[in-house]
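Novice: Just coords_37.txt, nothing more (compact mmCIF, C-alpha atoms):
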# COMPACT_ATOMS: atom_id res chain seq x y z
CA MET A 2 -249.90 39.87 -74.77
CA PHE A 3 -249.10 43.06 -76.63
CA PHE A 4 -247.07 42.84 -79.79
CA THR A 5 -245.79 46.01 -81.39
CA GLY A 6 -243.60 46.16 -84.44
CA PRO A 7 -243.23 43.26 -86.88
CA CYS A 8 -245.57 40.37 -86.22
CA PRO A 9 -243.76 37.35 -84.79
CA SER A 10 -245.39 35.22 -87.45
CA PRO A 11 -243.23 35.20 -90.59
CA ALA A 12 -246.37 34.91 -92.74
CA ILE A 13 -247.47 38.45 -91.85
CA LYS A 14 -245.03 41.07 -93.00
CA THR A 15 -246.54 44.35 -91.84
CA SER A 16 -246.39 45.50 -88.25
CA TYR A 17 -249.48 45.62 -86.17
CA VAL A 18 -250.54 45.95 -82.60
CA CYS A 19 -252.26 42.85 -81.33
CA ALA A 20 -254.26 43.71 -78.27
CA LYS A 21 -255.77 40.89 -76.30
CA HIS A 22 -256.96 40.84 -72.76
CA HIS A 23 -254.95 38.63 -70.46
CA SER A 24 -256.18 35.09 -70.60
CA GLN A 25 -255.02 32.10 -68.69
CA THR A 26 -254.64 28.99 -70.72
CA THR A 27 -256.03 25.87 -69.19
CA SER A 28 -256.31 22.44 -70.70
CA SER A 29 -259.72 23.38 -72.12
CA GLY A 30 -258.16 26.27 -74.07
CA LYS A 31 -260.98 28.06 -75.78
CA MET A 32 -262.51 31.08 -74.10
CA SER A 33 -261.11 30.01 -70.74
CA LEU A 34 -261.65 31.86 -67.48
CA SER A 35 -259.21 34.66 -66.75
CA ALA A 36 -258.15 35.53 -63.20
CA LYS A 37 -260.52 38.52 -63.42
CA ASP A 38 -263.43 36.30 -64.48
CA LYS A 39 -262.86 33.97 -61.54
CA GLU A 40 -262.66 36.88 -59.11
CA THR A 41 -265.88 38.39 -60.51
CA VAL A 42 -267.69 35.05 -60.25
CA LYS A 43 -266.54 34.41 -56.67
CA THR A 44 -267.46 37.93 -55.53
CA PHE A 45 -270.89 37.79 -57.15
CA TRP A 46 -271.52 34.27 -55.85
CA ALA A 47 -270.74 35.41 -52.31
CA LYS A 48 -273.50 38.02 -52.66
CA ILE A 49 -276.13 35.67 -54.08
CA SER A 50 -275.41 32.22 -52.67
CA SER A 51 -277.90 32.56 -49.80
CA SER A 52 -280.59 32.82 -52.50
CA GLY A 53 -279.26 29.72 -54.26
CA ASP A 54 -282.36 27.59 -53.70
CA ALA A 55 -284.70 30.32 -54.95
CA ILE A 56 -282.51 30.97 -58.01
CA GLY A 57 -282.44 27.28 -58.87
CA ALA A 58 -286.17 26.86 -58.42
CA ASP A 59 -287.00 29.87 -60.61
CA ALA A 60 -284.46 28.92 -63.31
CA LEU A 61 -285.73 25.36 -63.50
CA SER A 62 -289.40 26.45 -63.39
CA ARG A 63 -289.01 28.80 -66.27
CA MET A 64 -286.85 26.42 -68.28
CA LEU A 65 -289.68 23.87 -68.21
CA VAL A 66 -292.16 26.55 -69.37
CA VAL A 67 -290.03 28.41 -71.93
CA TYR A 68 -288.31 25.32 -73.36
CA PRO A 69 -290.97 22.61 -73.06
CA GLN A 70 -288.73 20.04 -74.74
CA THR A 71 -286.74 19.91 -71.48
CA LYS A 72 -289.77 18.34 -69.76
CA THR A 73 -288.81 15.07 -71.44
CA TYR A 74 -286.16 14.56 -68.76
CA PHE A 75 -288.68 14.75 -65.93
CA SER A 76 -291.47 12.40 -66.98
CA HIS A 77 -291.06 10.70 -63.61
CA TRP A 78 -292.24 13.81 -61.71
CA LYS A 79 -295.87 14.15 -60.73
CA ASP A 80 -295.90 17.93 -61.09
CA LEU A 81 -293.82 20.01 -63.50
CA SER A 82 -295.49 23.34 -62.84
CA PRO A 83 -293.45 26.34 -61.66
CA GLY A 84 -292.78 26.17 -57.92
CA SER A 85 -293.95 22.58 -57.49
CA ALA A 86 -292.29 20.37 -54.87
CA PRO A 87 -290.08 18.35 -57.26
CA VAL A 88 -289.07 21.55 -59.08
CA LEU A 89 -288.11 23.30 -55.84
CA LYS A 90 -286.11 20.33 -54.64
CA HIS A 91 -284.30 19.84 -57.92
CA GLY A 92 -283.62 23.56 -58.37
CA ALA A 93 -281.82 23.51 -55.04
CA THR A 94 -279.83 20.44 -56.09
CA VAL A 95 -278.73 22.07 -59.33
CA MET A 96 -277.63 25.31 -57.66
CA GLY A 97 -275.80 23.26 -55.06
CA GLY A 98 -273.81 21.87 -57.95
CA VAL A 99 -273.14 25.39 -59.24
CA GLY A 100 -271.91 26.40 -55.80
CA GLU A 101 -269.59 23.40 -55.78
CA ALA A 102 -268.28 24.52 -59.16
CA VAL A 103 -267.54 28.01 -57.81
CA ALA A 104 -265.49 26.44 -55.02
CA LYS A 105 -263.60 24.34 -57.57
CA ILE A 106 -263.30 27.07 -60.17
CA ASP A 107 -259.56 26.58 -60.56
CA ASP A 108 -259.97 23.03 -61.87
CA LEU A 109 -263.50 22.33 -62.99
CA SER A 110 -262.65 19.12 -64.88
CA ALA A 111 -261.20 17.47 -61.81
CA GLY A 112 -263.64 19.07 -59.37
CA LEU A 113 -266.77 18.06 -61.26
CA LEU A 114 -265.59 14.59 -62.27
CA SER A 115 -268.28 12.61 -60.47
CA LEU A 116 -271.01 15.01 -61.65
CA SER A 117 -269.71 14.61 -65.17
CA GLU A 118 -269.91 10.84 -64.89
CA LEU A 119 -273.44 11.14 -63.52
CA HIS A 120 -274.58 13.28 -66.45
CA ALA A 121 -272.76 11.16 -69.02
CA PHE A 122 -273.65 7.66 -67.97
CA THR A 123 -276.78 7.89 -65.86
CA LEU A 124 -278.71 11.04 -66.73
CA ARG A 125 -277.54 11.31 -70.34
CA VAL A 126 -278.85 14.86 -70.67
CA ASP A 127 -278.15 16.11 -74.19
CA PRO A 128 -275.38 18.69 -73.73
CA SER A 129 -277.33 21.32 -75.69
CA ASN A 130 -279.54 21.62 -72.63
CA PHE A 131 -276.69 22.93 -70.48
CA LYS A 132 -276.79 26.10 -72.55
CA VAL A 133 -280.55 26.31 -72.14
CA LEU A 134 -280.42 26.01 -68.35
CA SER A 135 -277.50 28.45 -68.17
CA HIS A 136 -279.53 31.04 -70.08
CA ASN A 137 -282.42 30.63 -67.65
CA ILE A 138 -280.09 31.00 -64.68
CA LEU A 139 -278.76 34.25 -66.17
CA VAL A 140 -282.32 35.57 -66.69
CA VAL A 141 -283.14 34.84 -63.04
CA LEU A 142 -279.93 36.54 -61.89
CA ALA A 143 -280.92 39.61 -63.95
CA LEU A 144 -284.38 39.85 -62.50
CA MET A 145 -283.35 39.11 -58.91
CA PHE A 146 -280.18 41.24 -58.85
CA PRO A 147 -280.69 43.96 -61.48
CA THR A 148 -278.06 46.37 -60.11
CA ASP A 149 -275.42 43.72 -59.36
CA PHE A 150 -275.83 41.80 -62.61
CA THR A 151 -273.86 44.32 -64.67
CA PRO A 152 -272.58 43.50 -68.17
CA GLU A 153 -269.17 42.65 -66.63
CA VAL A 154 -270.72 40.22 -64.16
CA HIS A 155 -272.93 38.85 -66.95
CA VAL A 156 -270.01 37.98 -69.22
CA ALA A 157 -268.05 36.38 -66.36
CA MET A 158 -271.05 34.29 -65.26
CA ASP A 159 -271.85 33.30 -68.86
CA LYS A 160 -268.26 32.14 -69.38
CA PHE A 161 -268.28 30.35 -66.02
CA LEU A 162 -271.51 28.46 -66.73
CA ALA A 163 -270.17 27.53 -70.17
CA ALA A 164 -267.00 26.19 -68.50
CA VAL A 165 -269.13 24.20 -66.05
CA ALA A 166 -271.11 22.79 -68.99
CA ARG A 167 -267.88 21.79 -70.71
CA ALA A 168 -266.65 20.04 -67.56
CA LEU A 169 -269.98 18.22 -67.23
CA SER A 170 -269.80 17.11 -70.87
CA GLU A 171 -266.30 15.70 -70.58
CA LYS A 172 -267.19 12.10 -69.90
CA TYR A 173 -269.87 11.86 -72.56
CA ARG A 174 -267.70 10.24 -75.19
CA MET B 12 -298.56 31.54 -89.87
CA VAL B 13 -297.70 32.13 -86.24
CA LYS B 14 -300.58 31.65 -83.83
CA TRP B 15 -300.63 33.98 -80.84
CA THR B 16 -302.77 33.39 -77.79
CA ASP B 17 -304.58 36.37 -76.26
CA PHE B 18 -302.16 36.20 -73.36
CA GLU B 19 -299.13 36.34 -75.67
CA ARG B 20 -300.50 39.29 -77.65
CA ALA B 21 -301.39 41.23 -74.54
CA THR B 22 -298.02 40.45 -72.94
CA ILE B 23 -295.99 41.70 -75.90
CA GLN B 24 -298.05 44.88 -76.26
CA ASP B 25 -297.78 45.45 -72.52
CA ILE B 26 -294.00 45.00 -72.35
CA PHE B 27 -293.33 47.34 -75.25
CA SER B 28 -295.72 49.97 -73.94
CA LYS B 29 -293.93 50.00 -70.58
CA ILE B 30 -290.24 49.88 -71.45
CA ASP B 31 -288.20 53.02 -72.07
CA TYR B 32 -286.77 52.55 -75.57
CA GLY B 33 -283.97 54.97 -74.79
CA VAL B 34 -282.84 52.77 -71.90
CA VAL B 35 -283.58 49.23 -73.01
CA GLY B 36 -282.29 49.50 -76.58
CA PRO B 37 -278.87 50.90 -75.63
CA ALA B 38 -278.59 48.54 -72.64
CA ALA B 39 -279.29 45.47 -74.78
CA LEU B 40 -276.89 46.42 -77.56
CA SER B 41 -274.07 47.43 -75.24
CA ARG B 42 -274.55 44.24 -73.21
CA CYS B 43 -274.32 42.22 -76.43
CA LEU B 44 -271.09 43.95 -77.44
CA ILE B 45 -269.64 43.32 -73.97
CA VAL B 46 -270.80 39.76 -73.35
CA TYR B 47 -270.20 38.57 -76.93
CA PRO B 48 -267.28 40.76 -78.03
CA TRP B 49 -267.03 39.19 -81.49
CA THR B 50 -270.25 41.05 -82.36
CA GLN B 51 -268.15 44.23 -82.35
CA ARG B 52 -267.03 43.19 -85.82
CA TYR B 53 -270.11 44.91 -87.26
CA PHE B 54 -269.40 48.23 -85.59
CA GLY B 55 -265.94 49.21 -86.80
CA GLY B 56 -267.05 52.79 -87.34
CA PHE B 57 -268.34 53.27 -83.80
CA GLY B 58 -265.08 54.43 -82.25
CA ASN B 59 -263.98 53.31 -78.79
CA LEU B 60 -265.31 49.85 -77.92
CA TYR B 61 -262.21 48.84 -76.02
CA ASN B 62 -263.79 47.92 -72.70
CA ALA B 63 -267.17 47.69 -70.98
CA ALA B 64 -267.06 51.27 -69.68
CA ALA B 65 -266.24 52.61 -73.15
CA ILE B 66 -269.03 50.60 -74.76
CA THR B 67 -271.61 51.61 -72.16
CA SER B 68 -270.82 55.31 -72.60
CA ASN B 69 -270.40 55.21 -76.38
CA PRO B 70 -273.01 57.55 -77.93
CA LYS B 71 -273.07 55.70 -81.27
CA VAL B 72 -273.87 52.44 -79.47
CA ALA B 73 -276.67 54.17 -77.57
CA ALA B 74 -278.10 55.71 -80.74
CA HIS B 75 -277.98 52.41 -82.56
CA GLY B 76 -279.54 50.54 -79.64
CA LYS B 77 -282.50 52.85 -80.00
CA VAL B 78 -282.69 52.17 -83.76
CA VAL B 79 -282.79 48.43 -83.11
CA ILE B 80 -285.59 48.60 -80.59
CA GLU B 81 -287.59 50.98 -82.78
CA GLY B 82 -287.21 48.33 -85.47
CA LEU B 83 -288.69 45.78 -83.08
CA GLU B 84 -291.71 48.02 -82.64
CA LYS B 85 -292.65 47.29 -86.26
CA ALA B 86 -293.02 43.65 -85.32
CA VAL B 87 -295.03 44.55 -82.21
CA LYS B 88 -297.45 46.51 -84.40
CA ASN B 89 -297.71 43.74 -87.02
CA MET B 90 -297.61 40.56 -84.97
CA ASP B 91 -299.72 38.64 -87.44
CA ASP B 92 -297.29 39.11 -90.30
CA ILE B 93 -293.82 39.73 -88.99
CA LYS B 94 -292.36 37.78 -91.89
CA SER B 95 -293.46 40.26 -94.59
CA THR B 96 -293.01 43.26 -92.30
CA TYR B 97 -289.33 42.32 -92.00
CA LYS B 98 -288.64 41.37 -95.62
CA ASP B 99 -286.60 44.49 -96.38
CA LEU B 100 -284.82 44.38 -93.02
CA SER B 101 -283.87 40.79 -93.71
CA VAL B 102 -282.41 41.72 -97.10
CA LEU B 103 -280.57 44.63 -95.47
CA HIS B 104 -278.99 42.42 -92.81
CA SER B 105 -278.00 39.68 -95.22
CA GLU B 106 -276.86 41.60 -98.29
CA LYS B 107 -275.71 44.97 -97.05
CA LEU B 108 -274.76 44.50 -93.40
CA GLN B 109 -273.76 40.85 -93.86
CA VAL B 110 -274.52 39.90 -90.29
CA ASP B 111 -274.12 36.23 -89.32
CA PRO B 112 -277.72 35.36 -88.40
CA ASP B 113 -276.61 33.38 -85.35
CA ASN B 114 -275.77 36.78 -83.86
CA PHE B 115 -279.50 37.65 -83.83
CA ASN B 116 -279.94 35.10 -81.06
CA LEU B 117 -277.16 36.68 -79.03
CA LEU B 118 -278.81 40.10 -79.16
CA ALA B 119 -282.20 38.50 -78.44
CA ASP B 120 -280.77 36.86 -75.30
CA CYS B 121 -279.32 40.17 -74.12
CA LEU B 122 -282.66 41.89 -74.74
CA THR B 123 -284.42 39.19 -72.70
CA ILE B 124 -282.00 39.72 -69.84
CA VAL B 125 -282.39 43.52 -69.91
CA VAL B 126 -286.20 43.30 -69.97
CA ALA B 127 -286.05 40.73 -67.13
CA SER B 128 -283.93 43.09 -65.04
CA GLN B 129 -286.43 45.90 -65.68
CA MET B 130 -289.51 43.82 -64.83
CA GLY B 131 -288.20 41.77 -61.91
CA ALA B 132 -290.73 39.30 -60.55
CA ALA B 133 -293.31 40.51 -63.10
CA PHE B 134 -291.20 38.66 -65.69
CA THR B 135 -292.90 35.38 -64.81
CA PRO B 136 -292.13 32.13 -66.63
CA GLN B 137 -295.25 32.66 -68.77
CA VAL B 138 -294.35 36.26 -69.66
CA HIS B 139 -290.77 35.09 -70.34
CA ALA B 140 -292.04 32.37 -72.68
CA ALA B 141 -294.20 34.84 -74.62
CA PHE B 142 -291.31 37.27 -74.96
CA GLN B 143 -288.91 34.60 -76.20
CA LYS B 144 -291.52 33.29 -78.65
CA PHE B 145 -291.90 36.81 -80.03
CA LEU B 146 -288.13 37.20 -80.40
CA ALA B 147 -287.88 33.76 -82.03
CA VAL B 148 -290.41 34.84 -84.67
CA VAL B 149 -288.50 38.10 -85.19
CA VAL B 150 -285.21 36.22 -85.61
CA ALA B 151 -286.74 33.69 -88.01
CA SER B 152 -288.17 36.54 -90.11
CA LEU B 153 -284.80 38.28 -90.21
CA ARG B 154 -283.19 35.02 -91.35
CA LYS B 155 -285.77 34.46 -94.08
CA GLN B 156 -284.09 36.34 -96.93
CA TYR B 157 -280.62 34.90 -96.37
CA TYR B 158 -279.47 32.51 -99.09
As a first step, turn the structure in this file into structure tokens.

Specialist:
Amino acid sequence: MFFTGPCPSPAIKTSYVCAKHHSQTTSSGKMSLSAKDKETVKTFWAKISSSGDAIGADALSRMLVVYPQTKTYFSHWKDLSPGSAPVLKHGATVMGGVGEAVAKIDDLSAGLLSLSELHAFTLRVDPSNFKVLSHNILVVLALMFPTDFTPEVHVAMDKFLAAVARALSEKYR
Amino acid sequence: MVKWTDFERATIQDIFSKIDYGVVGPAALSRCLIVYPWTQRYFGGFGNLYNAAAITSNPKVAAHGKVVIEGLEKAVKNMDDIKSTYKDLSVLHSEKLQVDPDNFNLLADCLTIVVASQMGAAFTPQVHAAFQKFLAVVVASLRKQYY
């Protein structure tokens, strides 16, 4: 919204121009996805989704190496090394979830409800780890798609993954 | 004292010998200003930062990106004592520039992503881990003089 002239708020007396990009308010409010963000995510996802399994495997592999504390969630796996069978399988599972989120981008809370319950009650992954995995996904996107992963795509994907993380955290408490 | 393995030392030296400072520095800073727009608060004198295209083509952003990465080179050359190497830079950032130190992590993440996009598959999990460890030490050293 652009305001010119006196600020609508009576507390501020001088005029100013308040320039904000268009943002859609959703129930989650803060830093929510604009129509442009959603479009950017969907377009980029269409380009990369066939590599989903590879992206997931690489992101998970490097998360376990770069952030070794995340290994604590996988003590039941025989092999935690990059590219191992359980890592490949689980990487594909995770990116499947991301793909589902892209399809349900207009209402992530409702769309990811069962995944949220899974993470909250069964997996009980500390929510700080969502940010960690998101970062690793972004690194993989940068190295696999250097020309497509522009700063504009980067910010949209970062916001999207943060929104997914929020939706997954909803049932925690 | 930070302990570096031979692999980590070699990796950091290798990365910084290969990257083009004039490309990577500006790319990392402009990406930071675009992806985390609140970081623009420190660059009021830089002129037009209104959108991604403006930021990417802004000559002051490019010049400053180069300054930042040249600053990182000091750490690359003094890996065994980054903390004292960065004492004055830490004081500068806390007392003069008054940068919220959490922002250092945002720039570090953008730098990681830019280097990853330059190196492609050569940015293996092990190389990635070494690079992030280096940046973590840099960030901790820059935080050191804040009080």

Novice: Give me, as a Markdown table, each residue of chain A that comes within 12 Å of chain B, together with its shortest interatomic pair and the distance in Å at one decimal, counting all atoms listed in the file, with rows ordered by chain and rising residue number.

Specialist:
| residue | atom | partner | partner_atom | distance |
| --- | --- | --- | --- | --- |
| A:Ala20 | CA | B:Tyr61 | CA | 9.7 |
| A:Lys21 | CA | B:Tyr61 | CA | 10.2 |
| A:His22 | CA | B:Asn62 | CA | 9.8 |
| A:Met32 | CA | B:Tyr47 | CA | 11.1 |
| A:Ile56 | CA | B:Ala132 | CA | 12.0 |
| A:Ala58 | CA | B:Pro136 | CA | 11.4 |
| A:Asp59 | CA | B:Pro136 | CA | 8.2 |
| A:Ala60 | CA | B:Pro136 | CA | 9.0 |
| A:Leu61 | CA | B:Pro136 | CA | 9.8 |
| A:Ser62 | CA | B:Pro136 | CA | 7.1 |
| A:Arg63 | CA | B:Pro136 | CA | 4.6 |
| A:Met64 | CA | B:Pro136 | CA | 8.0 |
| A:Leu65 | CA | B:Pro136 | CA | 8.8 |
| A:Val66 | CA | B:Pro136 | CA | 6.2 |
| A:Val67 | CA | B:Ala140 | CA | 4.5 |
| A:Tyr68 | CA | B:Ala140 | CA | 8.0 |
| A:Pro69 | CA | B:Ala140 | CA | 9.8 |
| A:Ser82 | CA | B:Pro136 | CA | 10.1 |
| A:Pro83 | CA | B:Pro136 | CA | 7.7 |
| A:Gly84 | CA | B:Pro136 | CA | 10.6 |
| A:Lys132 | CA | B:Asp120 | CA | 11.8 |
| A:Val133 | CA | B:Asp120 | CA | 11.0 |
| A:Ser135 | CA | B:Asp120 | CA | 11.5 |
| A:His136 | CA | B:Asp120 | CA | 7.9 |
| A:Asn137 | CA | B:Ile124 | CA | 9.4 |
| A:Ile138 | CA | B:Ile124 | CA | 10.3 |
| A:Leu139 | CA | B:Ile124 | CA | 7.3 |
| A:Val140 | CA | B:Ile124 | CA | 5.2 |
| A:Val141 | CA | B:Ala127 | CA | 7.7 |
| A:Leu142 | CA | B:Ser128 | CA | 8.3 |
| A:Ala143 | CA | B:Ser128 | CA | 4.7 |
| A:Leu144 | CA | B:Ser128 | CA | 4.1 |
| A:Met145 | CA | B:Gly131 | CA | 6.3 |
| A:Phe146 | CA | B:Ser128 | CA | 7.5 |
| A:Pro147 | CA | B:Ser128 | CA | 4.9 |
| A:Thr148 | CA | B:Ser128 | CA | 8.3 |
| A:Asp149 | CA | B:Ser128 | CA | 10.3 |
| A:Phe150 | CA | B:Ser128 | CA | 8.6 |
| A:Thr151 | CA | B:Arg42 | CA | 8.6 |
| A:Pro152 | CA | B:Arg42 | CA | 5.5 |
| A:Glu153 | CA | B:Ala63 | CA | 7.0 |
| A:Val154 | CA | B:Val46 | CA | 9.2 |
| A:His155 | CA | B:Val46 | CA | 6.8 |
| A:Val156 | CA | B:Val46 | CA | 4.6 |
| A:Ala157 | CA | B:Val46 | CA | 8.2 |
| A:Met158 | CA | B:Val46 | CA | 9.8 |
| A:Asp159 | CA | B:Val46 | CA | 7.9 |
| A:Lys160 | CA | B:Val46 | CA | 9.0 |

Novice: Edge lengths and centre in Å to one decimal, as lines of an AutoDock Vina configuration file, of the axis-aligned box that encloses all listed atoms of range 116-132 of chain B with 6 Å added on every side?

Specialist:
center_x = -283.9
center_y = 40.5
center_z = -70.8
size_x = 25.6
size_y = 22.8
size_z = 32.5

Novice: What does the distance from CA of Glu84 in chain B to CA of Asn59 in chain B come to in Å, to one decimal?

Specialist: 28.5 Å

Novice: I want to know what sits within 10 Å of Glu106 in chain B, based on all atoms listed in the file, with residues of the same chain fewer than 3 positions away left out; could you give that as an MDAnalysis selection string?

Specialist: chainID B and resid 100:103 109:110 156:158

Novice: Keeping only C-alpha atoms, take the residues you just selected and write them out as an mmCIF file, in the frame of the given file.

Specialist:
data_model
loop_
_atom_site.group_PDB
_atom_site.id
_atom_site.type_symbol
_atom_site.label_atom_id
_atom_site.label_comp_id
_atom_site.auth_asym_id
_atom_site.auth_seq_id
_atom_site.Cartn_x
_atom_site.Cartn_y
_atom_site.Cartn_z
ATOM 1 C CA LEU B 100 -284.820 44.380 -93.020
ATOM 2 C CA SER B 101 -283.870 40.790 -93.710
ATOM 3 C CA VAL B 102 -282.410 41.720 -97.100
ATOM 4 C CA LEU B 103 -280.570 44.630 -95.470
ATOM 5 C CA GLN B 109 -273.760 40.850 -93.860
ATOM 6 C CA VAL B 110 -274.520 39.900 -90.290
ATOM 7 C CA GLN B 156 -284.090 36.340 -96.930
ATOM 8 C CA TYR B 157 -280.620 34.900 -96.370
ATOM 9 C CA TYR B 158 -279.470 32.510 -99.090
#

Novice: Do you have the CA of Val165 in chain A-CA of Trp46 in chain A distance handy?

Specialist: 14.5 Å

Novice: Please identify all polymer residues lying at most 12 Å from the point (-276.4, 16.1, -70.3) (file coordinates), using all atoms listed in the file, and present the result as number ranges by chain.

Specialist: A: 71, 74, 116-134, 165-174

Novice: From the set B:Ala86, B:Pro70, B:Gly36, B:Lys77, which residue has the shortest atom-to-atom contact distance to Gln24 in chain B, counting all atoms listed in the file?

Specialist: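 Closest residue, counting all atoms listed in the file: B:Ala86.
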
Novice: Could you tell me, as a list of chain:residue names, which residues have any atom at most 9 Å from (-271.4, 37.9, -82.6), counting all atoms listed in the file?

Specialist: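 Residues lying no farther than 9 Å from the given point: B:Cys43, B:Leu44, B:Tyr47, B:Pro48, B:Trp49, B:Thr50, B:Gln51, B:Arg52, B:Tyr53, B:Val110, B:Asp111, B:Pro112, B:Asp113, B:Asn114, B:Phe115, B:Leu117, B:Leu118.
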
Novice: Residues near range 12-17 of chain B, anyone? I mean within 10 Å using only C-alpha atoms, not counting same-chain ones fewer than 6 positions away, as an MDAnalysis selection string.

Specialist: chainID B and resid 90:94 141 144:145 148

Novice: Can you measure CA of Ser76 in chain A to CA of Val99 in chain A for me? One decimal in Å is fine.

Specialist: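 Answer for the CA of Ser76 in chain A to CA of Val99 in chain A separation: 23.8 Å.
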
Novice: Calculated over all atoms listed in the file, which of the candidates A:Leu109, A:Leu81, A:Ala93, A:Ala104 has the smallest distance to Asp54 in chain A?

Specialist: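 Selected residue with least distance to Asp54 in chain A: A:Ala93.
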
Novice: Find the residues near Asp108 in chain A: any atom within 12 Å, counting only C-alpha atoms, skip ones fewer than 3 places away on the same chain, and give them as a list in words.

Specialist: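 Here the answer would be Thr26, Thr27, Ser28, Ser29, Ser33, Leu34, Lys39, Glu101, Ala102, Val103, Ala104, Lys105, Ala111, Gly112, Leu113, Leu114, Phe161, Ala164, Val165, Arg167 and Ala168 of chain A.
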
Novice: Counting all atoms listed in the file, figure out which residue out of B:Lys98, B:Ile30, B:Leu108, B:Leu83 gets nearest to Arg154 in chain B.

Specialist: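 Between B:Lys98, B:Ile30, B:Leu108, B:Leu83, the residue approaching Arg154 in chain B most closely is B:Lys98.
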
Novice: Could you check the closest approach to Gly82 in chain B for each of B:Ser28, B:Asn116, B:Asn69, B:Thr96 and tell me which residue wins, using all atoms listed in the file?

Specialist: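 Of the candidates, the smallest distance to Gly82 in chain B is held by B:Thr96.
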
Novice: Which residues are close to His75 in chain B, i.e. within 9 Å by all atoms listed in the file, leaving aside same-chain residues fewer than 4 positions away? Reply as a PyMOL selection string.

Specialist: chain B and resi 36-37+40+70-71+79-80
